[in-house]
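To be precise, the following lines are input-v5.txt, and they hold compact mmCIF, N, CA and C atoms.
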```txt
# COMPACT_ATOMS: atom_id res chain seq x y z
N ALA A 1342 0.83 -1.19 0.00
CA ALA A 1342 0.00 0.00 0.00
C ALA A 1342 0.87 1.26 0.00
N LEU A 1343 1.98 1.23 0.74
CA LEU A 1343 2.87 2.39 0.83
C LEU A 1343 3.40 2.78 -0.55
N LEU A 1344 3.91 1.79 -1.28
CA LEU A 1344 4.50 2.09 -2.59
C LEU A 1344 3.45 2.55 -3.59
N LEU A 1345 2.28 1.95 -3.54
CA LEU A 1345 1.19 2.36 -4.42
C LEU A 1345 0.74 3.78 -4.08
N HIS A 1346 0.64 4.06 -2.80
CA HIS A 1346 0.25 5.41 -2.36
C HIS A 1346 1.28 6.44 -2.84
N TYR A 1347 2.56 6.10 -2.73
CA TYR A 1347 3.61 7.02 -3.18
C TYR A 1347 3.51 7.24 -4.70
N GLU A 1348 3.37 6.16 -5.45
CA GLU A 1348 3.28 6.28 -6.91
C GLU A 1348 2.08 7.13 -7.32
N THR A 1349 0.97 6.95 -6.65
CA THR A 1349 -0.23 7.76 -6.93
C THR A 1349 0.04 9.23 -6.62
N ALA A 1350 0.70 9.48 -5.50
CA ALA A 1350 1.02 10.86 -5.12
C ALA A 1350 2.00 11.49 -6.11
N VAL A 1351 2.91 10.70 -6.65
CA VAL A 1351 3.85 11.22 -7.67
C VAL A 1351 3.07 11.60 -8.93
N LYS A 1352 2.14 10.75 -9.34
CA LYS A 1352 1.33 11.05 -10.53
C LYS A 1352 0.49 12.30 -10.35
N ARG A 1353 0.03 12.54 -9.12
CA ARG A 1353 -0.75 13.74 -8.82
C ARG A 1353 0.13 14.98 -8.75
N GLY A 1354 1.45 14.78 -8.63
CA GLY A 1354 2.37 15.90 -8.51
C GLY A 1354 2.67 16.30 -7.08
N ASP A 1355 2.22 15.48 -6.11
CA ASP A 1355 2.48 15.80 -4.71
C ASP A 1355 3.96 15.61 -4.35
N TYR A 1356 4.56 14.56 -4.89
CA TYR A 1356 5.97 14.25 -4.65
C TYR A 1356 6.69 14.15 -5.97
N PRO A 1357 7.98 14.50 -5.99
CA PRO A 1357 8.76 14.23 -7.20
C PRO A 1357 9.08 12.74 -7.27
N PRO A 1358 9.36 12.22 -8.47
CA PRO A 1358 9.74 10.81 -8.58
C PRO A 1358 11.04 10.54 -7.82
N LEU A 1359 11.25 9.28 -7.48
CA LEU A 1359 12.49 8.91 -6.79
C LEU A 1359 13.68 9.19 -7.69
N PRO A 1360 14.72 9.79 -7.15
CA PRO A 1360 15.94 10.01 -7.93
C PRO A 1360 16.74 8.71 -8.06
N ASP A 1361 17.79 8.76 -8.82
CA ASP A 1361 18.71 7.63 -8.92
C ASP A 1361 19.20 7.28 -7.52
N ILE A 1362 19.34 6.01 -7.27
CA ILE A 1362 19.73 5.53 -5.93
C ILE A 1362 21.07 6.12 -5.47
N LYS A 1363 21.93 6.46 -6.40
CA LYS A 1363 23.24 7.04 -6.06
C LYS A 1363 23.11 8.47 -5.50
N LEU A 1364 21.96 9.08 -5.72
CA LEU A 1364 21.75 10.45 -5.27
C LEU A 1364 21.04 10.54 -3.91
N ILE A 1365 20.70 9.40 -3.34
CA ILE A 1365 19.99 9.37 -2.06
C ILE A 1365 20.96 9.72 -0.92
N ASP A 1366 20.52 10.58 -0.02
CA ASP A 1366 21.31 10.96 1.15
C ASP A 1366 20.91 10.07 2.32
N TYR A 1367 21.63 8.97 2.49
CA TYR A 1367 21.30 8.01 3.54
C TYR A 1367 21.61 8.53 4.94
N SER A 1368 22.38 9.60 5.03
CA SER A 1368 22.67 10.17 6.35
C SER A 1368 21.41 10.76 6.99
N LEU A 1369 20.36 10.95 6.20
CA LEU A 1369 19.11 11.46 6.74
C LEU A 1369 18.33 10.40 7.53
N LEU A 1370 18.72 9.14 7.34
CA LEU A 1370 18.07 8.05 8.08
C LEU A 1370 18.63 8.05 9.50
N LYS A 1371 17.84 8.48 10.45
CA LYS A 1371 18.29 8.65 11.83
C LYS A 1371 17.69 7.62 12.80
N GLU A 1372 16.65 6.95 12.38
CA GLU A 1372 15.97 5.99 13.26
C GLU A 1372 16.79 4.71 13.37
N GLU A 1373 16.84 4.14 14.56
CA GLU A 1373 17.60 2.91 14.79
C GLU A 1373 17.14 1.78 13.87
N GLU A 1374 15.82 1.65 13.68
CA GLU A 1374 15.30 0.58 12.83
C GLU A 1374 15.75 0.72 11.37
N GLU A 1375 15.94 1.96 10.93
CA GLU A 1375 16.36 2.18 9.54
C GLU A 1375 17.73 1.55 9.31
N TRP A 1376 18.63 1.77 10.25
CA TRP A 1376 19.98 1.22 10.10
C TRP A 1376 19.99 -0.27 10.36
N ASP A 1377 19.13 -0.73 11.26
CA ASP A 1377 19.00 -2.17 11.49
C ASP A 1377 18.50 -2.85 10.23
N LEU A 1378 17.50 -2.28 9.59
CA LEU A 1378 16.98 -2.86 8.36
C LEU A 1378 18.05 -2.92 7.27
N LEU A 1379 18.82 -1.86 7.15
CA LEU A 1379 19.87 -1.85 6.13
C LEU A 1379 21.00 -2.82 6.44
N TYR A 1380 21.60 -2.68 7.61
CA TYR A 1380 22.80 -3.45 7.91
C TYR A 1380 22.52 -4.90 8.30
N SER A 1381 21.45 -5.14 9.02
CA SER A 1381 21.18 -6.50 9.50
C SER A 1381 20.36 -7.34 8.53
N TYR A 1382 19.73 -6.68 7.56
CA TYR A 1382 18.86 -7.43 6.66
C TYR A 1382 19.18 -7.20 5.18
N VAL A 1383 19.02 -5.98 4.71
CA VAL A 1383 19.21 -5.72 3.28
C VAL A 1383 20.64 -6.05 2.84
N PHE A 1384 21.63 -5.57 3.58
CA PHE A 1384 23.02 -5.81 3.20
C PHE A 1384 23.46 -7.25 3.44
N LEU A 1385 22.86 -7.92 4.43
CA LEU A 1385 23.27 -9.30 4.76
C LEU A 1385 22.55 -10.36 3.93
N TYR A 1386 21.45 -10.00 3.31
CA TYR A 1386 20.67 -10.99 2.56
C TYR A 1386 21.49 -11.70 1.48
N PRO A 1387 22.25 -11.00 0.64
CA PRO A 1387 23.03 -11.73 -0.38
C PRO A 1387 23.99 -12.76 0.21
N ALA A 1388 24.62 -12.43 1.33
CA ALA A 1388 25.54 -13.38 1.97
C ALA A 1388 24.79 -14.60 2.50
N LEU A 1389 23.61 -14.38 3.03
CA LEU A 1389 22.80 -15.49 3.53
C LEU A 1389 22.40 -16.42 2.39
N VAL A 1390 22.00 -15.86 1.28
CA VAL A 1390 21.63 -16.67 0.11
C VAL A 1390 22.85 -17.41 -0.42
N GLU A 1391 23.97 -16.73 -0.47
CA GLU A 1391 25.21 -17.36 -0.93
C GLU A 1391 25.58 -18.54 -0.04
N GLU A 1392 25.48 -18.34 1.25
CA GLU A 1392 25.80 -19.40 2.21
C GLU A 1392 24.86 -20.59 2.02
N ALA A 1393 23.59 -20.31 1.85
CA ALA A 1393 22.60 -21.38 1.70
C ALA A 1393 22.75 -22.11 0.37
N SER A 1394 23.22 -21.41 -0.66
CA SER A 1394 23.32 -22.04 -1.98
C SER A 1394 24.66 -22.73 -2.23
N SER A 1395 25.62 -22.55 -1.35
CA SER A 1395 26.94 -23.14 -1.55
C SER A 1395 27.16 -24.36 -0.66
N LEU A 1396 26.10 -25.02 -0.30
CA LEU A 1396 26.21 -26.19 0.57
C LEU A 1396 26.83 -27.35 -0.18
N LYS A 1397 27.77 -28.01 0.46
CA LYS A 1397 28.43 -29.17 -0.12
C LYS A 1397 28.56 -30.22 0.98
N GLY A 1398 28.50 -31.46 0.58
CA GLY A 1398 28.66 -32.51 1.58
C GLY A 1398 28.12 -33.83 1.06
N GLU A 1399 28.14 -34.82 1.93
CA GLU A 1399 27.60 -36.13 1.59
C GLU A 1399 26.10 -36.00 1.35
N GLU A 1400 25.57 -36.88 0.52
CA GLU A 1400 24.16 -36.79 0.14
C GLU A 1400 23.24 -36.83 1.36
N ASP A 1401 23.49 -37.74 2.30
CA ASP A 1401 22.64 -37.85 3.49
C ASP A 1401 22.71 -36.57 4.33
N ASN A 1402 23.91 -36.04 4.47
CA ASN A 1402 24.10 -34.84 5.27
C ASN A 1402 23.60 -33.60 4.53
N LEU A 1403 23.61 -33.63 3.22
CA LEU A 1403 23.19 -32.48 2.41
C LEU A 1403 21.73 -32.13 2.66
N VAL A 1404 20.86 -33.12 2.81
CA VAL A 1404 19.45 -32.87 3.07
C VAL A 1404 19.29 -32.08 4.38
N VAL A 1405 20.00 -32.50 5.39
CA VAL A 1405 19.95 -31.80 6.68
C VAL A 1405 20.47 -30.38 6.52
N MET A 1406 21.54 -30.21 5.76
CA MET A 1406 22.13 -28.89 5.56
C MET A 1406 21.17 -27.97 4.79
N VAL A 1407 20.49 -28.51 3.77
CA VAL A 1407 19.53 -27.72 3.00
C VAL A 1407 18.37 -27.30 3.89
N GLN A 1408 17.87 -28.24 4.67
CA GLN A 1408 16.77 -27.92 5.60
C GLN A 1408 17.20 -26.85 6.59
N SER A 1409 18.41 -26.94 7.08
CA SER A 1409 18.93 -25.95 8.01
C SER A 1409 19.03 -24.58 7.33
N GLY A 1410 19.51 -24.57 6.09
CA GLY A 1410 19.62 -23.32 5.34
C GLY A 1410 18.26 -22.68 5.09
N LEU A 1411 17.28 -23.51 4.76
CA LEU A 1411 15.93 -23.00 4.54
C LEU A 1411 15.32 -22.45 5.83
N LYS A 1412 15.56 -23.17 6.92
CA LYS A 1412 15.06 -22.71 8.22
C LYS A 1412 15.68 -21.35 8.57
N LYS A 1413 16.97 -21.22 8.33
CA LYS A 1413 17.68 -19.97 8.62
C LYS A 1413 17.12 -18.83 7.76
N LEU A 1414 16.86 -19.12 6.49
CA LEU A 1414 16.31 -18.12 5.58
C LEU A 1414 14.91 -17.70 6.04
N CYS A 1415 14.07 -18.65 6.40
CA CYS A 1415 12.72 -18.34 6.87
C CYS A 1415 12.74 -17.51 8.14
N GLN A 1416 13.63 -17.84 9.06
CA GLN A 1416 13.75 -17.06 10.30
C GLN A 1416 14.21 -15.64 9.99
N PHE A 1417 15.16 -15.52 9.08
CA PHE A 1417 15.67 -14.22 8.66
C PHE A 1417 14.54 -13.36 8.10
N LEU A 1418 13.74 -13.93 7.18
CA LEU A 1418 12.66 -13.18 6.55
C LEU A 1418 11.57 -12.83 7.56
N SER A 1419 11.30 -13.73 8.49
CA SER A 1419 10.31 -13.46 9.53
C SER A 1419 10.76 -12.30 10.42
N LYS A 1420 12.03 -12.30 10.80
CA LYS A 1420 12.56 -11.21 11.63
C LYS A 1420 12.54 -9.89 10.85
N LEU A 1421 12.87 -9.96 9.57
CA LEU A 1421 12.83 -8.76 8.73
C LEU A 1421 11.42 -8.18 8.72
N CYS A 1422 10.43 -9.02 8.53
CA CYS A 1422 9.03 -8.56 8.54
C CYS A 1422 8.68 -7.90 9.87
N HIS A 1423 9.12 -8.50 10.95
CA HIS A 1423 8.83 -7.95 12.28
C HIS A 1423 9.49 -6.58 12.46
N VAL A 1424 10.75 -6.47 12.11
CA VAL A 1424 11.46 -5.19 12.28
C VAL A 1424 10.84 -4.11 11.40
N PHE A 1425 10.51 -4.46 10.15
CA PHE A 1425 9.91 -3.46 9.26
C PHE A 1425 8.52 -3.07 9.75
N SER A 1426 7.76 -4.03 10.24
CA SER A 1426 6.42 -3.73 10.76
C SER A 1426 6.50 -2.76 11.94
N CYS A 1427 7.42 -3.01 12.86
CA CYS A 1427 7.61 -2.11 14.01
C CYS A 1427 8.02 -0.72 13.53
N TYR A 1428 8.94 -0.69 12.59
CA TYR A 1428 9.41 0.58 12.03
C TYR A 1428 8.25 1.33 11.36
N TYR A 1429 7.51 0.63 10.52
CA TYR A 1429 6.41 1.24 9.77
C TYR A 1429 5.31 1.74 10.70
N SER A 1430 5.09 1.04 11.81
CA SER A 1430 4.07 1.46 12.78
C SER A 1430 4.50 2.71 13.55
N ARG A 1431 5.78 2.89 13.71
CA ARG A 1431 6.30 3.98 14.53
C ARG A 1431 6.73 5.21 13.74
N VAL A 1432 7.21 5.00 12.53
CA VAL A 1432 7.81 6.10 11.76
C VAL A 1432 6.95 6.42 10.53
N LYS A 1433 6.65 7.68 10.37
CA LYS A 1433 5.88 8.12 9.20
C LYS A 1433 6.85 8.25 8.03
N ILE A 1434 6.59 7.49 6.98
CA ILE A 1434 7.48 7.50 5.82
C ILE A 1434 7.09 8.59 4.84
N LEU A 1435 5.81 8.68 4.53
CA LEU A 1435 5.33 9.71 3.60
C LEU A 1435 4.92 10.94 4.41
N LEU A 1436 5.88 11.81 4.58
CA LEU A 1436 5.67 13.05 5.31
C LEU A 1436 4.99 14.07 4.40
N ALA A 1437 4.70 15.23 4.94
CA ALA A 1437 4.14 16.31 4.12
C ALA A 1437 5.11 16.59 2.97
N PRO A 1438 4.56 16.80 1.77
CA PRO A 1438 5.43 17.01 0.61
C PRO A 1438 6.08 18.39 0.57
N GLU A 1439 6.77 18.73 1.63
CA GLU A 1439 7.48 20.00 1.69
C GLU A 1439 8.90 19.80 1.18
N THR A 1440 9.41 20.78 0.51
CA THR A 1440 10.71 20.68 -0.17
C THR A 1440 11.81 20.16 0.73
N HIS A 1441 11.90 20.65 1.96
CA HIS A 1441 12.99 20.23 2.86
C HIS A 1441 12.83 18.78 3.34
N LEU A 1442 11.65 18.19 3.20
CA LEU A 1442 11.42 16.81 3.65
C LEU A 1442 11.57 15.77 2.52
N ILE A 1443 11.60 16.23 1.29
CA ILE A 1443 11.65 15.31 0.14
C ILE A 1443 12.88 14.39 0.19
N PRO A 1444 14.09 14.87 0.49
CA PRO A 1444 15.23 13.95 0.56
C PRO A 1444 15.05 12.84 1.60
N LEU A 1445 14.45 13.16 2.75
CA LEU A 1445 14.19 12.14 3.77
C LEU A 1445 13.14 11.14 3.27
N ILE A 1446 12.10 11.65 2.65
CA ILE A 1446 11.06 10.77 2.09
C ILE A 1446 11.68 9.83 1.07
N HIS A 1447 12.54 10.36 0.22
CA HIS A 1447 13.20 9.52 -0.79
C HIS A 1447 14.08 8.45 -0.15
N ALA A 1448 14.84 8.82 0.88
CA ALA A 1448 15.70 7.83 1.56
C ALA A 1448 14.84 6.73 2.18
N ARG A 1449 13.74 7.11 2.79
CA ARG A 1449 12.86 6.11 3.40
C ARG A 1449 12.15 5.25 2.35
N MET A 1450 11.80 5.83 1.24
CA MET A 1450 11.15 5.05 0.18
C MET A 1450 12.14 4.05 -0.43
N ILE A 1451 13.38 4.45 -0.61
CA ILE A 1451 14.39 3.52 -1.14
C ILE A 1451 14.61 2.39 -0.15
N LEU A 1452 14.62 2.70 1.13
CA LEU A 1452 14.73 1.66 2.16
C LEU A 1452 13.54 0.69 2.06
N ALA A 1453 12.35 1.22 1.94
CA ALA A 1453 11.15 0.37 1.82
C ALA A 1453 11.22 -0.49 0.56
N LEU A 1454 11.70 0.07 -0.53
CA LEU A 1454 11.85 -0.70 -1.77
C LEU A 1454 12.89 -1.80 -1.63
N ALA A 1455 13.96 -1.52 -0.90
CA ALA A 1455 14.99 -2.53 -0.66
C ALA A 1455 14.44 -3.69 0.17
N VAL A 1456 13.67 -3.36 1.20
CA VAL A 1456 13.04 -4.40 2.02
C VAL A 1456 12.07 -5.21 1.17
N LYS A 1457 11.29 -4.53 0.35
CA LYS A 1457 10.35 -5.23 -0.54
C LYS A 1457 11.10 -6.20 -1.45
N GLN A 1458 12.23 -5.77 -1.98
CA GLN A 1458 13.00 -6.62 -2.90
C GLN A 1458 13.54 -7.86 -2.18
N VAL A 1459 14.04 -7.68 -0.98
CA VAL A 1459 14.54 -8.83 -0.20
C VAL A 1459 13.40 -9.82 0.04
N LEU A 1460 12.24 -9.31 0.44
CA LEU A 1460 11.10 -10.20 0.69
C LEU A 1460 10.64 -10.88 -0.59
N PHE A 1461 10.65 -10.16 -1.68
CA PHE A 1461 10.26 -10.75 -2.97
C PHE A 1461 11.22 -11.85 -3.38
N ASN A 1462 12.51 -11.60 -3.20
CA ASN A 1462 13.52 -12.60 -3.58
C ASN A 1462 13.51 -13.79 -2.63
N GLY A 1463 13.11 -13.55 -1.37
CA GLY A 1463 13.14 -14.61 -0.37
C GLY A 1463 12.03 -15.60 -0.60
```

Would you mind writing the structure in this file as structure tokens?
Amino acid sequence: ALLLHYETAVKRGDYPPLPDIKLIDYSLLKEEEEWDLLYSYVFLYPALVEEASSLKGEEDNLVVMVQSGLKKLCQFLSKLCHVFSCYYSRVKILLAPETHLIPLIHARMILALAVKQVLFNG
């Protein structure tokens, strides 16, 4: 709903479109959950997938290892959902469309898109 609401607001002219990701000022993210989401989940997800996909071993042991990797991935995604839910309940992402708030809105929207991508890939 958040992303759809933002896209609708962009079409209405309330917000400018998201800039290139390289232009986002991440230093505007001040909430603890924002950095937790980035460092503990978004940035770590590729390593978790790599670890789970590079399993090697005896055939009998491999099944246990795959199950363990899947369990770890499910727990990771569940925790990500919990942290994002707490963050979303506490922090207003789509603030008033005032010029000085747009960079913060963009940083938070990119964070939300990154979380969405991790969940989609998971």

Selection near His1447 (chain A), 7 Å with all atoms listed in the file, sequence-local residues under 6 positions removed, as an mmCIF file with N, CA and C atoms, keeping the file's coordinate frame:
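In the end it all went to out-v8.cif:
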```
data_model
loop_
_atom_site.group_PDB
_atom_site.id
_atom_site.type_symbol
_atom_site.label_atom_id
_atom_site.label_comp_id
_atom_site.auth_asym_id
_atom_site.auth_seq_id
_atom_site.Cartn_x
_atom_site.Cartn_y
_atom_site.Cartn_z
ATOM 1 N N LEU A 1359 11.250 9.280 -7.480
ATOM 2 C CA LEU A 1359 12.490 8.910 -6.790
ATOM 3 C C LEU A 1359 13.680 9.190 -7.690
ATOM 4 N N PRO A 1360 14.720 9.790 -7.150
ATOM 5 C CA PRO A 1360 15.940 10.010 -7.930
ATOM 6 C C PRO A 1360 16.740 8.710 -8.060
ATOM 7 N N ILE A 1365 20.700 9.400 -3.340
ATOM 8 C CA ILE A 1365 19.990 9.370 -2.060
ATOM 9 C C ILE A 1365 20.960 9.720 -0.920
ATOM 10 N N ASP A 1366 20.520 10.580 -0.020
ATOM 11 C CA ASP A 1366 21.310 10.960 1.150
ATOM 12 C C ASP A 1366 20.910 10.070 2.320
#
```

Just list as a PyMOL selection string whatever in chain A DSSP marks as helix (DSSP H, G or I).
chain A and resi 1343-1353+1362-1364+1367-1369+1373-1383+1386-1394+1400-1431+1440-1462

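Counting only C-alpha atoms, region 1370-1382 of chain A has the following residues at most 8 Å away, ignoring those fewer than 6 positions along the same chain: Phe1417, Leu1421, Val1424, Phe1425, Tyr1428, Leu1445, Ala1448, Arg1449, Leu1452 and Val1456 of chain A.
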
I'd like the interatomic distance between CA of Ala1453 (chain A) and CA of Leu1411 (chain A), to a tenth of an Å.
24.0 Å

Nearest-residue call for Leu1418 (chain A), choices A:Leu1343, A:Val1351, A:Val1459, A:Leu1364, using all atoms listed in the file:
A:Val1459

Return the single residue from A:Ser1419, A:Gly1463, A:Ile1446, A:Leu1454 that is closest to Tyr1367 (chain A), with distances computed using only C-alpha atoms.
A:Ile1446

Can you tell me, as an MDAnalysis selection string, what residues are no more than 9 Å from Ala1455 (chain A) when counting only C-alpha atoms, ignoring any on the same chain fewer than 5 positions away?
chainID A and resid 1379 1383 1450 1460

For Pro1357 (chain A), work out the shell of residues within 10 Å, counting only C-alpha atoms and skipping chain neighbours fewer than 2 positions away, then give it as a PDB file with N, CA and C atoms, keeping the file's coordinate frame.
```pdb
ATOM      1  N   TYR A1347       2.560   6.100  -2.730  1.00  0.00           N
ATOM      2  CA  TYR A1347       3.610   7.020  -3.180  1.00  0.00           C
ATOM      3  C   TYR A1347       3.510   7.240  -4.700  1.00  0.00           C
ATOM      4  N   GLU A1348       3.370   6.160  -5.450  1.00  0.00           N
ATOM      5  CA  GLU A1348       3.280   6.280  -6.910  1.00  0.00           C
ATOM      6  C   GLU A1348       2.080   7.130  -7.320  1.00  0.00           C
ATOM      7  N   ALA A1350       0.700   9.480  -5.500  1.00  0.00           N
ATOM      8  CA  ALA A1350       1.020  10.860  -5.120  1.00  0.00           C
ATOM      9  C   ALA A1350       2.000  11.490  -6.110  1.00  0.00           C
ATOM     10  N   VAL A1351       2.910  10.700  -6.650  1.00  0.00           N
ATOM     11  CA  VAL A1351       3.850  11.220  -7.670  1.00  0.00           C
ATOM     12  C   VAL A1351       3.070  11.600  -8.930  1.00  0.00           C
ATOM     13  N   LYS A1352       2.140  10.750  -9.340  1.00  0.00           N
ATOM     14  CA  LYS A1352       1.330  11.050 -10.530  1.00  0.00           C
ATOM     15  C   LYS A1352       0.490  12.300 -10.350  1.00  0.00           C
ATOM     16  N   ARG A1353       0.030  12.540  -9.120  1.00  0.00           N
ATOM     17  CA  ARG A1353      -0.750  13.740  -8.820  1.00  0.00           C
ATOM     18  C   ARG A1353       0.130  14.980  -8.750  1.00  0.00           C
ATOM     19  N   GLY A1354       1.450  14.780  -8.630  1.00  0.00           N
ATOM     20  CA  GLY A1354       2.370  15.900  -8.510  1.00  0.00           C
ATOM     21  C   GLY A1354       2.670  16.300  -7.080  1.00  0.00           C
ATOM     22  N   ASP A1355       2.220  15.480  -6.110  1.00  0.00           N
ATOM     23  CA  ASP A1355       2.480  15.800  -4.710  1.00  0.00           C
ATOM     24  C   ASP A1355       3.960  15.610  -4.350  1.00  0.00           C
ATOM     25  N   LEU A1359      11.250   9.280  -7.480  1.00  0.00           N
ATOM     26  CA  LEU A1359      12.490   8.910  -6.790  1.00  0.00           C
ATOM     27  C   LEU A1359      13.680   9.190  -7.690  1.00  0.00           C
ATOM     28  N   PRO A1360      14.720   9.790  -7.150  1.00  0.00           N
ATOM     29  CA  PRO A1360      15.940  10.010  -7.930  1.00  0.00           C
ATOM     30  C   PRO A1360      16.740   8.710  -8.060  1.00  0.00           C
ATOM     31  N   PRO A1438       4.560  16.800   1.770  1.00  0.00           N
ATOM     32  CA  PRO A1438       5.430  17.010   0.610  1.00  0.00           C
ATOM     33  C   PRO A1438       6.080  18.390   0.570  1.00  0.00           C
ATOM     34  N   THR A1440       9.410  20.780   0.510  1.00  0.00           N
ATOM     35  CA  THR A1440      10.710  20.680  -0.170  1.00  0.00           C
ATOM     36  C   THR A1440      11.810  20.160   0.730  1.00  0.00           C
ATOM     37  N   ILE A1443      11.600  16.230   1.290  1.00  0.00           N
ATOM     38  CA  ILE A1443      11.650  15.310   0.140  1.00  0.00           C
ATOM     39  C   ILE A1443      12.880  14.390   0.190  1.00  0.00           C
ATOM     40  N   HIS A1447      12.540  10.360   0.220  1.00  0.00           N
ATOM     41  CA  HIS A1447      13.200   9.520  -0.790  1.00  0.00           C
ATOM     42  C   HIS A1447      14.080   8.450  -0.150  1.00  0.00           C
TER      43      HIS A1447
END
```

Point-to-point distance from atom N of Val1390 (chain A) to CA of Leu1414 (chain A), Å rounded to tenths
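Computed distance, atom N of Val1390 (chain A) to CA of Leu1414 (chain A), equals 7.5 Å.
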
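Picture a line from CA of Tyr1429 (chain A) to atom N of Pro1444 (chain A); it runs 18.2 Å.
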